[in-house]
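Structure first, commentary second.
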Amino acid sequence: MSDKKIIAVMGATGAQGGGLVRAILDDKQGPFRARAITRNPNSMKAKELAKMGAEVVAGDLEDPESIVRAFSGAHGAFCVTFYWEHMSPEKEFAQAQVMAEAAKKAAVRHVIWSTLEDTRQWVPLSDTRMPTLMGRYKVPHYDAKGEADAIFTRLDLPVTLLRTSFYWENFIYFGMEPRPGPDGKLAITLSMGDKKLPGIAAEDIGKCALGIFKEGDKYVRKTLAIAGEHLTGAQMAASFSKALGREVVYNAVTPEVYRSFGFPGAEDLGNMFQFKSDFEAEYCGARDPKVARALNPSLHTFDSWLARYKERIPVE
Ligand SMILES: NC(=O)c1ccc[n+]([C@@H]2O[C@H](COP(=O)([O-])OP(=O)(O)OC[C@H]3O[C@@H](n4cnc5c(N)ncnc54)[C@H](OP(=O)(O)O)[C@@H]3O)[C@@H](O)[C@H]2O)c1
């Protein structure tokens, strides 16, 4: 146990970080042990991780010194931000900076930064195909992450930039579950037209991250993008129908309609779907599921994810 190198994990009680902590704990013969970072080591989730064998330490991105302490002595650090908790791209950028600087101070040997594309490299603010949001973003929850990549590289950190994909868990926890339409049929509502949406089981992100850490220097100073499968809305609806034993259809709405839904983040997501549709070839091309499967041989397909989690989908 004491020979094992420490991987310090941000968001350890959440989806991505939790997947990594569990992957490390499950890899009993592996070279790493998990240090779970949480704002509250006394929470139920944190206590569960401790019971499973993780070292649980306190760390809050609002207190940069606590992150330096949490990263100290670690071989690796998994860094992720929590956009939907505050919905401020500036705050997300600042929190990425806290982690990058902490990794530098603690001389961490391998950092994984969970990021996404800065869509403004494809759709500059002057491009009127989609509205500019919050003054200087096209897809705020993407752009601030992508912009923060430069913090990690500028500090010359041994970083892997890990671009993730749409979690299929959004069909469970994010209000995207199949819902009855006006005709009474269950429908999933997305704004992808007939284009493919790369998706992934959230727990597979952590498993892929473990695969990256285990490869040593192979992916240091590299960018990797991961997905479980690329599927159209119609293909996902067909999979839902099969798994739920009830017809589910795809309600394809335009990005304009999606942006007008009015819930917090609807404009951001409308722009996100438009970006993914308009740049399908590049977006999907960067996310070859073979890459993720090589890192994590148990990678879920959408059908295998549905088979495992369909009971959790809050279908009326
Ligand atoms: N939904 C998607 O399809 C999707 C796809 C790709 C990327 N993403 C991105 O994934 C990110 C969220 O990751 P997730 O889904 O793993 O998060 P999550 O499941 O919502 O977990 C939230 C975590 O944030 C931690 N946390 C919140 N504020 C913190 C702070 N100030 N200091 C330290 N820890 C803090 C919480 O830990 P404690 O409460 O224990 O402190 C908790 O573990 C977002 O930025 C989102 O944009 C989402």
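By convention in this document, the chains of the structure tokens carry letters A, B, ... by their order, each chain's residues are numbered from 1, and ligands are numbered from 1 in the order they are shown.
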Give me the residues near range 100-103 of chain A as a ChimeraX atom specification, where near means some atom within 8 Å (using only C-alpha atoms) and where sequence neighbours in that chain fewer than 2 positions away do not count.
/A:64-65,67-68,71,77,96-98,105-108,111,151-152,155,157
Show me which residues sit within 8 Å of ligand 1 when counting only C-alpha atoms and all ligand atoms, and put them as a VMD selection string.
chain A and resid 10 to 18 37 to 41 43 45 to 46 59 to 62 80 to 85 92 95 114 to 116 141 to 142 145 163 to 170 174 199 202
Using DSSP assignments from the backbone, pull out every residue in range 41-231 of chain A that falls under strand (DSSP E or B) and give it to me as number ranges by chain.
A: 55-58, 76-79, 110-115, 133, 137, 159-163, 166-167, 179-180, 186-190, 196-200, 222-225, 229-231
Selection near Met134 in chain A, 10 Å with only C-alpha atoms, sequence-local residues under 3 positions removed, as a PyMOL selection string
chain A and resi 88-89+131+137-140+268
Using 6 Å as the limit and counting only C-alpha atoms, can you tabulate each residue of range 117-225 of chain A that touches range 238-253 of chain A, with its shortest atom-to-atom distance in Å and the two atoms involved, as a Markdown table?
```
| residue | atom | partner | partner_atom | distance |
| --- | --- | --- | --- | --- |
| A:Leu186 | CA | A:Val248 | CA | 4.8 |
| A:Ala187 | CA | A:Val249 | CA | 4.6 |
| A:Ile188 | CA | A:Tyr250 | CA | 5.2 |
| A:Thr189 | CA | A:Asn251 | CA | 4.7 |
| A:Leu190 | CA | A:Ala252 | CA | 5.5 |
| A:Ser191 | CA | A:Val253 | CA | 5.0 |
| A:Gly193 | CA | A:Ala252 | CA | 5.8 |
```
Can you write out as a Markdown table which residues of range 149-213 of chain A fall within 7 Å of range 269-281 of chain A, alongside each residue's closest atom pair and its distance in Å to one decimal, counting only C-alpha atoms and ordering rows by chain and ascending residue number?
```
| residue | atom | partner | partner_atom | distance |
| --- | --- | --- | --- | --- |
| A:Ser191 | CA | A:Phe273 | CA | 5.7 |
| A:Met192 | CA | A:Ser277 | CA | 5.6 |
| A:Lys195 | CA | A:Ser277 | CA | 5.7 |
| A:Lys196 | CA | A:Glu280 | CA | 6.9 |
```
Can you pull out every residue within 6 Å of range 29-33 of chain A, counting only C-alpha atoms, but drop anything in the same chain fewer than 4 positions away, and send it as a PyMOL selection string?
chain A and resi 4-6
How would the residues just chosen look if you wrote them out with C-alpha atoms as a PDB file, in the first residue's frame?
```pdb
ATOM      1  CA  LYS A   4       1.588   3.113  -4.240  1.00  0.00           C
ATOM      2  CA  LYS A   5       1.622   6.568  -5.760  1.00  0.00           C
ATOM      3  CA  ILE A   6      -1.102   8.983  -4.799  1.00  0.00           C
TER       4      ILE A   6
END
```
Quick check, in Å to one decimal: how far apart do CA of Gly19 in chain A and CA of Asp288 in chain A lie?
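Spanning CA of Gly19 in chain A to CA of Asp288 in chain A is a straight-line distance of 20.6 Å.
For the set A:Ile212, A:Val56, A:Ile226, A:Val220, the residue with the smallest atom-to-atom gap to Ile200 in chain A is A:Ile226, counting only C-alpha atoms.
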